[in-house]
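Peer 1: Below is the file my_file25.pdb, with PDB, C-alpha atoms and all ligand atoms.
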MODEL        1
ATOM      1  CA  MET V   1      15.411 -12.949 -28.738
ATOM      2  CA  VAL V   2      17.823 -11.853 -31.449
ATOM      3  CA  ARG V   3      17.456 -13.457 -34.864
ATOM      4  CA  HIS V   4      20.680 -13.890 -36.751
ATOM      5  CA  MET V   5      19.356 -12.178 -39.855
ATOM      6  CA  ASP V   6      18.920  -9.010 -37.785
ATOM      7  CA  THR V   7      21.481  -6.323 -38.503
ATOM      8  CA  ILE V   8      22.368  -3.200 -36.570
ATOM      9  CA  ALA V   9      20.410  -1.262 -39.196
ATOM     10  CA  THR V  10      17.236  -3.332 -38.826
ATOM     11  CA  LEU V  11      17.230  -3.558 -35.037
ATOM     12  CA  ASP V  12      14.852  -0.995 -33.561
ATOM     13  CA  ILE V  13      17.151   0.163 -30.765
ATOM     14  CA  ALA V  14      14.871   3.013 -29.672
ATOM     15  CA  ARG V  15      12.056   0.512 -29.169
ATOM     16  CA  ILE V  16      14.259  -1.998 -27.360
ATOM     17  CA  VAL V  17      15.574   0.708 -25.019
ATOM     18  CA  SER V  18      12.091   1.958 -24.132
ATOM     19  CA  ASP V  19      10.796  -1.625 -23.668
ATOM     20  CA  ILE V  20      13.636  -2.312 -21.227
ATOM     21  CA  ALA V  21      12.916   0.870 -19.232
ATOM     22  CA  GLU V  22       9.251  -0.133 -19.104
ATOM     23  CA  GLU V  23      10.080  -3.637 -17.860
ATOM     24  CA  MET V  24      12.451  -2.249 -15.195
ATOM     25  CA  ARG V  25       9.748   0.115 -13.910
ATOM     26  CA  GLY V  26       7.625  -2.897 -12.966
ATOM     27  CA  ILE V  27      10.286  -4.741 -10.947
ATOM     28  CA  SER V  28      10.101  -4.455  -7.167
ATOM     29  CA  ASP V  29      13.202  -6.468  -6.173
ATOM     30  CA  ARG V  30      15.692  -3.693  -6.870
ATOM     31  CA  GLY V  31      18.566  -4.469  -4.444
ATOM     32  CA  ALA V  32      19.788  -2.152  -1.678
ATOM     33  CA  VAL V  33      20.872   1.443  -2.206
ATOM     34  CA  ALA V  34      24.410   2.132  -0.906
ATOM     35  CA  SER V  35      24.153   3.442   2.639
ATOM     36  CA  TYR V  36      27.766   4.197   3.658
ATOM     37  CA  ILE V  37      27.340   7.939   2.981
ATOM     38  CA  PRO V  38      24.146  10.031   3.342
ATOM     39  CA  PRO V  39      24.182  11.556  -0.174
ATOM     40  CA  LEU V  40      23.993   8.056  -1.704
ATOM     41  CA  ALA V  41      21.583   6.655   0.921
ATOM     42  CA  GLN V  42      19.096   9.426   0.050
ATOM     43  CA  VAL V  43      18.772   8.462  -3.624
ATOM     44  CA  SER V  44      15.420   6.884  -4.518
ATOM     45  CA  PRO V  45      15.628   3.183  -5.442
ATOM     46  CA  ASP V  46      12.887   3.815  -8.031
ATOM     47  CA  LYS V  47      15.274   5.532 -10.426
ATOM     48  CA  PHE V  48      16.232   3.801 -13.644
ATOM     49  CA  GLY V  49      17.982   5.290 -16.660
ATOM     50  CA  ILE V  50      19.502   3.910 -19.847
ATOM     51  CA  ALA V  51      21.405   5.562 -22.701
ATOM     52  CA  VAL V  52      22.744   3.812 -25.807
ATOM     53  CA  VAL V  53      25.026   5.872 -28.037
ATOM     54  CA  MET V  54      25.636   4.220 -31.395
ATOM     55  CA  ALA V  55      28.827   4.369 -33.468
ATOM     56  CA  ASP V  56      27.065   6.725 -35.903
ATOM     57  CA  GLY V  57      26.331   9.136 -33.029
ATOM     58  CA  ALA V  58      22.621   8.350 -32.626
ATOM     59  CA  ALA V  59      21.599   8.367 -28.947
ATOM     60  CA  HIS V  60      18.672   6.295 -27.657
ATOM     61  CA  VAL V  61      17.627   7.023 -24.078
ATOM     62  CA  ALA V  62      14.827   6.092 -21.692
ATOM     63  CA  GLY V  63      13.768   6.556 -18.077
ATOM     64  CA  ASP V  64      15.965   8.808 -15.924
ATOM     65  CA  ALA V  65      18.724   9.018 -18.548
ATOM     66  CA  ASP V  66      19.153  12.761 -17.993
ATOM     67  CA  ALA V  67      19.348  12.683 -14.184
ATOM     68  CA  ALA V  68      22.865  13.069 -12.753
ATOM     69  CA  PHE V  69      24.100  10.382 -10.358
ATOM     70  CA  SER V  70      27.366   9.624  -8.570
ATOM     71  CA  ILE V  71      29.480   7.557 -10.963
ATOM     72  CA  GLN V  72      31.754   6.337  -8.127
ATOM     73  CA  SER V  73      34.008   3.500  -9.321
ATOM     74  CA  ILE V  74      33.167   4.000 -12.988
ATOM     75  CA  SER V  75      35.639   6.899 -12.702
ATOM     76  CA  LYS V  76      38.360   4.239 -12.331
ATOM     77  CA  VAL V  77      38.094   3.673 -16.113
ATOM     78  CA  PHE V  78      38.901   7.317 -16.802
ATOM     79  CA  ALA V  79      41.645   7.318 -14.138
ATOM     80  CA  LEU V  80      43.209   4.236 -15.744
ATOM     81  CA  THR V  81      43.111   5.899 -19.162
ATOM     82  CA  GLN V  82      44.827   8.995 -17.776
ATOM     83  CA  ALA V  83      47.407   7.038 -15.750
ATOM     84  CA  LEU V  84      48.364   4.995 -18.823
ATOM     85  CA  GLY V  85      48.687   8.280 -20.706
ATOM     86  CA  ALA V  86      51.025   9.559 -17.978
ATOM     87  CA  VAL V  87      53.363   6.583 -17.508
ATOM     88  CA  GLY V  88      52.429   4.036 -20.203
ATOM     89  CA  ASP V  89      53.102   0.368 -19.567
ATOM     90  CA  GLN V  90      55.298   1.162 -16.545
ATOM     91  CA  LEU V  91      51.991   1.316 -14.699
ATOM     92  CA  TRP V  92      51.900  -2.482 -14.681
ATOM     93  CA  GLN V  93      54.875  -2.595 -12.319
ATOM     94  CA  ARG V  94      52.600  -1.105  -9.656
ATOM     95  CA  VAL V  95      49.159  -2.590 -10.490
ATOM     96  CA  GLY V  96      48.196  -6.080 -11.656
ATOM     97  CA  ARG V  97      45.799  -7.180 -14.375
ATOM     98  CA  GLU V  98      44.045 -10.127 -12.787
ATOM     99  CA  PRO V  99      40.524 -10.376 -11.377
ATOM    100  CA  SER V 100      40.687 -10.178  -7.593
ATOM    101  CA  GLY V 101      37.829 -12.508  -6.679
ATOM    102  CA  SER V 102      37.435 -10.249  -3.629
ATOM    103  CA  ALA V 103      35.259  -7.320  -2.644
ATOM    104  CA  PHE V 104      36.091  -3.898  -4.130
ATOM    105  CA  ASN V 105      37.508  -2.617  -0.849
ATOM    106  CA  SER V 106      39.267  -5.776   0.329
ATOM    107  CA  ILE V 107      42.715  -5.541   1.909
ATOM    108  CA  VAL V 108      43.555  -9.255   2.246
ATOM    109  CA  GLN V 109      45.531  -9.786  -0.977
ATOM    110  CA  LEU V 110      47.724  -6.747  -0.427
ATOM    111  CA  GLU V 111      49.756  -8.461   2.265
ATOM    112  CA  SER V 112      50.711 -11.586   0.331
ATOM    113  CA  GLU V 113      51.167  -9.603  -2.891
ATOM    114  CA  GLN V 114      53.498  -6.974  -1.399
ATOM    115  CA  GLY V 115      51.251  -3.965  -1.765
ATOM    116  CA  ILE V 116      50.610  -4.480  -5.508
ATOM    117  CA  PRO V 117      46.829  -4.389  -6.085
ATOM    118  CA  ARG V 118      45.382  -7.128  -8.285
ATOM    119  CA  ASN V 119      43.914  -4.707 -10.851
ATOM    120  CA  PRO V 120      43.179  -1.006 -11.431
ATOM    121  CA  PHE V 121      39.431  -1.368 -10.843
ATOM    122  CA  ILE V 122      39.431  -2.353  -7.178
ATOM    123  CA  ASN V 123      39.833   0.507  -4.696
ATOM    124  CA  ALA V 124      43.489  -0.264  -3.934
ATOM    125  CA  GLY V 125      44.316  -0.260  -7.646
ATOM    126  CA  ALA V 126      42.546   3.024  -8.283
ATOM    127  CA  ILE V 127      44.317   4.610  -5.304
ATOM    128  CA  VAL V 128      47.624   3.721  -7.012
ATOM    129  CA  LEU V 129      46.292   5.346 -10.220
ATOM    130  CA  CYS V 130      45.623   8.517  -8.224
ATOM    131  CA  ASP V 131      49.168   8.446  -6.834
ATOM    132  CA  VAL V 132      50.504   8.128 -10.402
ATOM    133  CA  LEU V 133      48.368  11.063 -11.549
ATOM    134  CA  LEU V 134      49.537  13.152  -8.608
ATOM    135  CA  GLY V 135      53.133  12.441  -9.690
ATOM    136  CA  ARG V 136      54.154  15.924 -10.620
ATOM    137  CA  CYS V 137      51.127  18.030  -9.727
ATOM    138  CA  GLU V 138      48.918  19.309  -6.936
ATOM    139  CA  PRO V 139      45.718  17.433  -5.997
ATOM    140  CA  ARG V 140      43.646  20.340  -7.295
ATOM    141  CA  GLU V 141      45.336  20.089 -10.704
ATOM    142  CA  ALA V 142      44.849  16.300 -10.922
ATOM    143  CA  ILE V 143      41.152  16.744 -10.073
ATOM    144  CA  GLY V 144      40.759  19.577 -12.597
ATOM    145  CA  GLN V 145      42.478  17.526 -15.301
ATOM    146  CA  MET V 146      40.107  14.631 -14.677
ATOM    147  CA  LEU V 147      37.054  16.876 -14.887
ATOM    148  CA  ARG V 148      38.259  18.451 -18.135
ATOM    149  CA  PHE V 149      39.107  15.018 -19.568
ATOM    150  CA  VAL V 150      35.664  13.580 -18.825
ATOM    151  CA  ARG V 151      33.905  16.684 -20.180
ATOM    152  CA  MET V 152      35.983  16.448 -23.361
ATOM    153  CA  LEU V 153      35.197  12.734 -23.779
ATOM    154  CA  ALA V 154      31.474  13.411 -23.296
ATOM    155  CA  GLY V 155      31.477  16.425 -25.633
ATOM    156  CA  ASP V 156      30.224  18.491 -22.674
ATOM    157  CA  ASP V 157      31.282  21.934 -23.929
ATOM    158  CA  ALA V 158      28.901  23.654 -21.509
ATOM    159  CA  GLY V 159      30.661  22.133 -18.487
ATOM    160  CA  THR V 160      27.518  20.481 -17.104
ATOM    161  CA  ILE V 161      29.445  17.540 -15.656
ATOM    162  CA  LYS V 162      30.487  18.363 -12.085
ATOM    163  CA  ILE V 163      32.198  16.914  -9.069
ATOM    164  CA  ASP V 164      29.718  16.741  -6.193
ATOM    165  CA  GLU V 165      31.626  18.245  -3.252
ATOM    166  CA  THR V 166      29.062  16.917  -0.746
ATOM    167  CA  VAL V 167      29.812  13.386  -1.920
ATOM    168  CA  ALA V 168      33.593  13.988  -1.908
ATOM    169  CA  LEU V 169      33.431  15.277   1.685
ATOM    170  CA  ALA V 170      31.257  12.389   2.832
ATOM    171  CA  GLU V 171      33.716   9.924   1.253
ATOM    172  CA  GLN V 172      36.490  11.625   3.185
ATOM    173  CA  ASP V 173      34.572  11.450   6.479
ATOM    174  CA  THR V 174      33.889   7.718   6.161
ATOM    175  CA  GLY V 175      36.860   6.526   4.093
ATOM    176  CA  PHE V 176      38.603   4.539   6.812
ATOM    177  CA  ARG V 177      39.044   1.450   4.684
ATOM    178  CA  ASN V 178      40.444   3.461   1.788
ATOM    179  CA  MET V 179      42.827   5.132   4.250
ATOM    180  CA  ALA V 180      43.892   1.697   5.454
ATOM    181  CA  LEU V 181      44.479   0.511   1.878
ATOM    182  CA  ALA V 182      46.516   3.603   1.003
ATOM    183  CA  ASN V 183      48.614   3.468   4.172
ATOM    184  CA  TYR V 184      49.207  -0.235   3.728
ATOM    185  CA  MET V 185      50.440   0.273   0.167
ATOM    186  CA  ARG V 186      52.567   3.184   1.349
ATOM    187  CA  ALA V 187      54.316   0.750   3.679
ATOM    188  CA  PHE V 188      55.338  -1.202   0.550
ATOM    189  CA  SER V 189      56.367   2.059  -1.202
ATOM    190  CA  ASN V 190      53.588   1.587  -3.758
ATOM    191  CA  ILE V 191      52.083   4.920  -2.679
ATOM    192  CA  ARG V 192      54.594   7.734  -2.934
ATOM    193  CA  ALA V 193      52.724  10.996  -2.334
ATOM    194  CA  PRO V 194      51.276  11.748   1.127
ATOM    195  CA  VAL V 195      48.276   9.506   1.707
ATOM    196  CA  GLU V 196      45.827  12.383   2.447
ATOM    197  CA  ARG V 197      46.634  14.005  -0.887
ATOM    198  CA  VAL V 198      46.229  10.752  -2.835
ATOM    199  CA  LEU V 199      42.903  10.034  -1.155
ATOM    200  CA  GLY V 200      41.707  13.599  -1.732
ATOM    201  CA  VAL V 201      42.107  12.915  -5.450
ATOM    202  CA  TYR V 202      40.508   9.455  -5.189
ATOM    203  CA  PHE V 203      37.439  10.750  -3.290
ATOM    204  CA  HIS V 204      36.903  13.558  -5.812
ATOM    205  CA  PHE V 205      37.067  11.131  -8.733
ATOM    206  CA  CYS V 206      34.432   8.949  -6.993
ATOM    207  CA  ALA V 207      32.255  12.075  -6.631
ATOM    208  CA  LEU V 208      31.946  12.796 -10.358
ATOM    209  CA  ALA V 209      28.248  13.302 -11.110
ATOM    210  CA  MET V 210      27.012  12.453 -14.607
ATOM    211  CA  THR V 211      23.868  11.410 -16.407
ATOM    212  CA  CYS V 212      23.506   8.137 -18.339
ATOM    213  CA  ARG V 213      23.550  10.143 -21.562
ATOM    214  CA  GLU V 214      26.815  11.884 -20.600
ATOM    215  CA  LEU V 215      28.413   8.668 -19.413
ATOM    216  CA  ALA V 216      27.531   6.776 -22.590
ATOM    217  CA  MET V 217      28.969   9.693 -24.583
ATOM    218  CA  ALA V 218      32.154   9.595 -22.479
ATOM    219  CA  GLY V 219      32.567   5.864 -23.220
ATOM    220  CA  ARG V 220      32.599   6.325 -27.000
ATOM    221  CA  TYR V 221      36.401   6.146 -27.251
ATOM    222  CA  LEU V 222      36.286   2.575 -25.909
ATOM    223  CA  MET V 223      33.669   1.611 -28.496
ATOM    224  CA  ASP V 224      35.605   3.135 -31.376
ATOM    225  CA  GLY V 225      39.204   1.927 -31.117
ATOM    226  CA  GLY V 226      40.306   4.854 -28.956
ATOM    227  CA  ARG V 227      38.780   7.591 -31.132
ATOM    228  CA  VAL V 228      36.106  10.202 -30.490
ATOM    229  CA  ASP V 229      34.751  12.298 -33.348
ATOM    230  CA  GLY V 230      37.758  11.300 -35.469
ATOM    231  CA  HIS V 231      40.285  12.350 -32.777
ATOM    232  CA  SER V 232      42.513   9.747 -31.203
ATOM    233  CA  ILE V 233      42.237   9.691 -27.393
ATOM    234  CA  VAL V 234      44.223   6.483 -26.916
ATOM    235  CA  THR V 235      45.634   3.941 -29.372
ATOM    236  CA  ALA V 236      43.380   1.130 -30.583
ATOM    237  CA  ASN V 237      45.620  -1.292 -28.708
ATOM    238  CA  ARG V 238      45.126   0.590 -25.433
ATOM    239  CA  ALA V 239      41.350   0.820 -25.907
ATOM    240  CA  ARG V 240      41.246  -2.939 -26.485
ATOM    241  CA  ARG V 241      43.230  -3.586 -23.310
ATOM    242  CA  ILE V 242      41.052  -1.290 -21.196
ATOM    243  CA  ASN V 243      38.000  -3.138 -22.525
ATOM    244  CA  ALA V 244      39.635  -6.458 -21.619
ATOM    245  CA  LEU V 245      40.203  -5.253 -18.042
ATOM    246  CA  MET V 246      36.614  -4.028 -17.812
ATOM    247  CA  MET V 247      35.429  -7.473 -18.864
ATOM    248  CA  SER V 248      37.669  -9.392 -16.464
ATOM    249  CA  CYS V 249      37.730  -7.013 -13.476
ATOM    250  CA  GLY V 250      35.006  -4.356 -13.893
ATOM    251  CA  HIS V 251      32.530  -5.949 -11.471
ATOM    252  CA  TYR V 252      34.875  -7.073  -8.660
ATOM    253  CA  ASP V 253      34.086 -10.576  -7.434
ATOM    254  CA  ASN V 254      31.016 -10.546  -9.682
ATOM    255  CA  SER V 255      32.974 -10.064 -12.920
ATOM    256  CA  GLY V 256      32.598 -13.687 -14.005
ATOM    257  CA  ASP V 257      28.854 -13.542 -13.522
ATOM    258  CA  PHE V 258      28.626 -10.262 -15.451
ATOM    259  CA  ALA V 259      30.577 -11.813 -18.356
ATOM    260  CA  PHE V 260      28.298 -14.868 -18.201
ATOM    261  CA  ARG V 261      25.064 -12.869 -18.188
ATOM    262  CA  VAL V 262      25.989  -9.847 -20.330
ATOM    263  CA  GLY V 263      29.235 -10.697 -22.113
ATOM    264  CA  LEU V 264      30.448  -7.128 -22.565
ATOM    265  CA  PRO V 265      33.206  -5.008 -21.046
ATOM    266  CA  GLY V 266      31.535  -3.143 -18.179
ATOM    267  CA  LYS V 267      32.442  -1.058 -15.145
ATOM    268  CA  SER V 268      30.115  -0.583 -12.209
ATOM    269  CA  GLY V 269      29.994   1.912  -9.353
ATOM    270  CA  VAL V 270      28.224   1.855  -5.983
ATOM    271  CA  GLY V 271      26.093   4.792  -7.144
ATOM    272  CA  GLY V 272      24.268   2.164  -9.240
ATOM    273  CA  GLY V 273      25.730   3.059 -12.633
ATOM    274  CA  ILE V 274      27.330   0.739 -15.191
ATOM    275  CA  LEU V 275      29.261   1.807 -18.282
ATOM    276  CA  SER V 276      29.367  -0.928 -20.891
ATOM    277  CA  VAL V 277      30.897  -1.070 -24.350
ATOM    278  CA  VAL V 278      30.003  -2.987 -27.519
ATOM    279  CA  PRO V 279      33.196  -2.560 -29.557
ATOM    280  CA  GLY V 280      32.432  -1.015 -32.935
ATOM    281  CA  VAL V 281      28.716  -0.763 -32.165
ATOM    282  CA  ALA V 282      27.614   1.161 -29.069
ATOM    283  CA  SER V 283      28.539   2.757 -25.758
ATOM    284  CA  ILE V 284      25.928   2.135 -23.074
ATOM    285  CA  ALA V 285      25.240   3.573 -19.627
ATOM    286  CA  VAL V 286      22.594   2.266 -17.238
ATOM    287  CA  TRP V 287      21.712   3.481 -13.775
ATOM    288  CA  SER V 288      19.583   2.052 -11.000
ATOM    289  CA  PRO V 289      20.748   2.742  -7.419
ATOM    290  CA  GLY V 290      19.803  -0.614  -5.850
ATOM    291  CA  LEU V 291      22.842  -2.899  -5.584
ATOM    292  CA  ASN V 292      23.346  -6.653  -5.405
ATOM    293  CA  ALA V 293      25.519  -8.298  -2.755
ATOM    294  CA  SER V 294      28.729  -7.443  -4.650
ATOM    295  CA  GLY V 295      27.875  -3.746  -4.897
ATOM    296  CA  ASN V 296      26.818  -3.762  -8.556
ATOM    297  CA  SER V 297      23.538  -2.349  -9.842
ATOM    298  CA  GLN V 298      20.910  -5.058  -9.735
ATOM    299  CA  LEU V 299      18.535  -3.665 -12.373
ATOM    300  CA  GLY V 300      21.401  -2.141 -14.340
ATOM    301  CA  THR V 301      22.830  -5.613 -14.852
ATOM    302  CA  LEU V 302      19.415  -7.053 -15.711
ATOM    303  CA  ALA V 303      18.808  -4.240 -18.208
ATOM    304  CA  LEU V 304      22.114  -4.957 -19.951
ATOM    305  CA  GLU V 305      21.294  -8.657 -19.990
ATOM    306  CA  ARG V 306      17.971  -7.873 -21.683
ATOM    307  CA  LEU V 307      19.652  -5.522 -24.165
ATOM    308  CA  VAL V 308      22.133  -8.205 -25.186
ATOM    309  CA  GLN V 309      19.353 -10.825 -25.458
ATOM    310  CA  ARG V 310      17.433  -8.542 -27.819
ATOM    311  CA  THR V 311      20.418  -7.350 -29.912
ATOM    312  CA  GLY V 312      22.964 -10.174 -29.871
ATOM    313  CA  TRP V 313      25.611  -7.619 -28.878
ATOM    314  CA  SER V 314      27.604  -9.846 -26.495
ATOM    315  CA  VAL V 315      31.230 -10.059 -27.625
ATOM    316  CA  PHE V 316      30.745 -13.846 -27.500
ATOM    317  CA  GLU V 317      28.016 -13.793 -30.164
ATOM    318  CA  PRO V 318      28.819 -13.994 -33.870
ATOM    319  CA  ARG V 319      29.036 -10.265 -34.710
ATOM    320  CA  LEU V 320      26.061  -8.760 -36.513
ATOM    321  CA  ARG V 321      26.832  -6.482 -39.473
TER     322      ARG V 321
HETATM  323  N1  LIG U 401      33.547   5.506  -3.046
HETATM  324  C1  LIG U 401      33.522   4.086  -3.048
HETATM  325  C2  LIG U 401      34.643   3.561  -2.188
HETATM  326  O1  LIG U 401      35.740   4.025  -2.308
HETATM  327  C3  LIG U 401      33.629   3.576  -4.452
HETATM  328  C4  LIG U 401      33.499   2.097  -4.545
HETATM  329  C5  LIG U 401      32.645   1.605  -5.692
HETATM  330  O2  LIG U 401      32.000   2.351  -6.436
HETATM  331  N2  LIG U 401      32.581   0.314  -5.809
HETATM  332  O3  LIG U 401      34.461   2.693  -1.377
ENDMDL
END
Show this structure as structure tokens.

Peer 2:
Amino acid sequence: MVRHMDTIATLDIARIVSDIAEEMRGISDRGAVASYIPPLAQVSPDKFGIAVVMADGAAHVAGDADAAFSIQSISKVFALTQALGAVGDQLWQRVGREPSGSAFNSIVQLESEQGIPRNPFINAGAIVLCDVLLGRCEPREAIGQMLRFVRMLAGDDAGTIKIDETVALAEQDTGFRNMALANYMRAFSNIRAPVERVLGVYFHFCALAMTCRELAMAGRYLMDGGRVDGHSIVTANRARRINALMMSCGHYDNSGDFAFRVGLPGKSGVGGGILSVVPGVASIAVWSPGLNASGNSQLGTLALERLVQRTGWSVFEPRLR
């Protein structure tokens, strides 16, 4: 348990990170690996990785932190950042900012809310983001821009971060619900480009493959008021708002429980990853493929809960200096 005389400097983060990986190794109740597409169903539930990148650049990793996994809905954070860059606050005429209280792929609210998704982090919301990003370009360009953006955020000069085409194709083959969401929103004129093109972009974003280390690196701008390595990616105000949305909406109908247990902005994906941010302190990625009933990583959430218990990093704790 954190002691309030602990400071960031005196906490032994490397030790805490390796202790957490060790504890996770011993847990057998790991949730269920996503089974809707073969490339995800084949991933071993035994995997666990954690990477903590500190504001001073130090990276602490343990377990399978250097194994690439499908980031899935975590890409919605990067899509939101890009869509806000493209159209600014006009985005909020087409996407809401409230928790949905429904599953990530639910269609029910779209009827009563006239095709305006509750928030950018459910599937319907992210499909609108893709339509915004397609605005003036070809799907291939929107996908290429996303890949370059994420590589830049992660400092991946070698271009190691890839889009897994097998995953993108499998998403396409099974994406009937996403097709329904997109067509339904098109009926309300909240999707403007042809639905197949919008979904092509959406499925490729879901198929981004990254390691915990790369993902934690890519989240640094949200930890540091919109900056990476001294360069401004977004304004401090925008970074703060994206963090607020991650806290309130980043775990679908489980967002309240995530705030209760972890108390940090976080975004999950059905590949079992979670990106979480301690403003001013650290950017964190965890990965364990087994999911809870809401489609969020079971051990990933537990690992973040442990990390916050040991460091006092919840945004609801008095901030350590
Ligand atoms: N590819 C998944 C879907 O569209 C992403 C959902 C998720 O990660 N929660 O259904």

Peer 1: Find the nearest atom pair between each residue of stretch 236-256 of chain V and stretch 81-95 of chain V for residues within 12 Å, count only C-alpha atoms, give distances in Å to one decimal, sort rows by chain and ascending number, and present the table as CSV.

Peer 2:
residue,atom,partner,partner_atom,distance
V:Asn237,CA,V:Asp89,CA,11.9
V:Arg238,CA,V:Thr81,CA,8.5
V:Ala239,CA,V:Thr81,CA,8.6
V:Arg240,CA,V:Thr81,CA,11.6
V:Arg241,CA,V:Thr81,CA,10.4
V:Ile242,CA,V:Thr81,CA,7.7
V:Asn243,CA,V:Thr81,CA,10.9
V:Leu245,CA,V:Thr81,CA,11.6
V:Met246,CA,V:Thr81,CA,11.9

Peer 1: Can you write out the residues you just picked, keeping C-alpha atoms, as a PDB file, keeping the file's coordinate frame?

Peer 2:
ATOM      1  CA  ASN V 237      45.620  -1.292 -28.708  1.00  0.00           C
ATOM      2  CA  ARG V 238      45.126   0.590 -25.433  1.00  0.00           C
ATOM      3  CA  ALA V 239      41.350   0.820 -25.907  1.00  0.00           C
ATOM      4  CA  ARG V 240      41.246  -2.939 -26.485  1.00  0.00           C
ATOM      5  CA  ARG V 241      43.230  -3.586 -23.310  1.00  0.00           C
ATOM      6  CA  ILE V 242      41.052  -1.290 -21.196  1.00  0.00           C
ATOM      7  CA  ASN V 243      38.000  -3.138 -22.525  1.00  0.00           C
ATOM      8  CA  LEU V 245      40.203  -5.253 -18.042  1.00  0.00           C
ATOM      9  CA  MET V 246      36.614  -4.028 -17.812  1.00  0.00           C
TER      10      MET V 246
END

Peer 1: Extract, using all atoms listed in the file, all DNA, RNA and protein residues at most 12 Å from V:Leu304, discarding same-chain residues fewer than 3 positions from it, and format them as a VMD selection string.

Peer 2: chain V and resid 16 to 17 20 to 21 24 49 to 52 258 to 266 268 273 to 278 283 to 288 297 to 301 307 to 314

Peer 1: Determine the residue set returned by the PyMOL selection byres (((chain V and resi 199-205) around 10) and not hetatm) for the present structure, and present it as JSON, numbers by chain.

Peer 2: {"V": [70, 71, 72, 73, 74, 75, 76, 78, 79, 123, 126, 127, 128, 129, 130, 131, 133, 134, 138, 139, 140, 141, 142, 143, 144, 146, 147, 163, 164, 165, 166, 167, 168, 169, 170, 171, 172, 175, 178, 179, 182, 193, 194, 195, 196, 197, 198, 206, 207, 208, 209]}

Peer 1: Output C-alpha atoms for every residue in that selection, as a tab-separated table (two decimals), in the coordinates of the input.

Peer 2:
chain	number	residue	atom	x	y	z
V	70	SER	CA	27.37	9.62	-8.57
V	71	ILE	CA	29.48	7.56	-10.96
V	72	GLN	CA	31.75	6.34	-8.13
V	73	SER	CA	34.01	3.50	-9.32
V	74	ILE	CA	33.17	4.00	-12.99
V	75	SER	CA	35.64	6.90	-12.70
V	76	LYS	CA	38.36	4.24	-12.33
V	78	PHE	CA	38.90	7.32	-16.80
V	79	ALA	CA	41.64	7.32	-14.14
V	123	ASN	CA	39.83	0.51	-4.70
V	126	ALA	CA	42.55	3.02	-8.28
V	127	ILE	CA	44.32	4.61	-5.30
V	128	VAL	CA	47.62	3.72	-7.01
V	129	LEU	CA	46.29	5.35	-10.22
V	130	CYS	CA	45.62	8.52	-8.22
V	131	ASP	CA	49.17	8.45	-6.83
V	133	LEU	CA	48.37	11.06	-11.55
V	134	LEU	CA	49.54	13.15	-8.61
V	138	GLU	CA	48.92	19.31	-6.94
V	139	PRO	CA	45.72	17.43	-6.00
V	140	ARG	CA	43.65	20.34	-7.30
V	141	GLU	CA	45.34	20.09	-10.70
V	142	ALA	CA	44.85	16.30	-10.92
V	143	ILE	CA	41.15	16.74	-10.07
V	144	GLY	CA	40.76	19.58	-12.60
V	146	MET	CA	40.11	14.63	-14.68
V	147	LEU	CA	37.05	16.88	-14.89
V	163	ILE	CA	32.20	16.91	-9.07
V	164	ASP	CA	29.72	16.74	-6.19
V	165	GLU	CA	31.63	18.24	-3.25
V	166	THR	CA	29.06	16.92	-0.75
V	167	VAL	CA	29.81	13.39	-1.92
V	168	ALA	CA	33.59	13.99	-1.91
V	169	LEU	CA	33.43	15.28	1.68
V	170	ALA	CA	31.26	12.39	2.83
V	171	GLU	CA	33.72	9.92	1.25
V	172	GLN	CA	36.49	11.62	3.18
V	175	GLY	CA	36.86	6.53	4.09
V	178	ASN	CA	40.44	3.46	1.79
V	179	MET	CA	42.83	5.13	4.25
V	182	ALA	CA	46.52	3.60	1.00
V	193	ALA	CA	52.72	11.00	-2.33
V	194	PRO	CA	51.28	11.75	1.13
V	195	VAL	CA	48.28	9.51	1.71
V	196	GLU	CA	45.83	12.38	2.45
V	197	ARG	CA	46.63	14.00	-0.89
V	198	VAL	CA	46.23	10.75	-2.84
V	206	CYS	CA	34.43	8.95	-6.99
V	207	ALA	CA	32.26	12.08	-6.63
V	208	LEU	CA	31.95	12.80	-10.36
V	209	ALA	CA	28.25	13.30	-11.11

Peer 1: If the PyMOL selection byres (((chain V and resi 219-228) around 7) and not hetatm) is run on the structure shown, which residues does it catch, given as a list in words?

Peer 2: Leu215, Ala216, Met217, Ala218, Asp229, Gly230, His231, Ser232, Ile233, Val234, Thr235, Ala236, Ala239, Asn243, Val277, Val278, Pro279, Gly280, Val281, Ala282 and Ser283 of chain V

Peer 1: Report, in Å with one decimal, the straight-line distance from atom CA of V:Ile191 to atom CA of V:Arg136.

Peer 2: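 Between these atoms lies a distance of 13.7 Å.
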
Peer 1: Calculated over all atoms listed in the file, which of the candidates V:Ser18, V:Asn105, V:Thr211, V:Gln114 has the smallest distance to V:Leu181?

Peer 2: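 With all atoms listed in the file as the atom set, the closest residue is V:Asn105.
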
Peer 1: When distances are computed from all atoms listed in the file, which of V:Asp46, V:Glu23, V:Glu98, V:Glu214 shows the smallest separation from V:Pro120?

Peer 2: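 The shortest atom-to-atom distance to V:Pro120 comes from V:Glu98.
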
Peer 1: Have a look at V:Ser28, V:Phe188, V:Asp19, V:Gly101 and name the one nearest to V:Arg306; count only C-alpha atoms.

Peer 2: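 Distance minimum relative to V:Arg306 lands on V:Asp19.
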
Peer 1: For ligand LIG 401 (chain U), which residue out of V:Ser35, V:Gln42, V:Ser112, V:Asn183 is the nearest one, using only C-alpha atoms and all ligand atoms?

Peer 2: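 Of V:Ser35, V:Gln42, V:Ser112, V:Asn183, the one nearest ligand LIG 401 (chain U) is V:Ser35, counting only C-alpha atoms and all ligand atoms.
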
Peer 1: One decimal, in Å: what's the spacing between atom CA of V:Ser106 and atom CA of V:Ala293?

Peer 2: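 Between atom CA of V:Ser106 and atom CA of V:Ala293 the gap is 14.3 Å.
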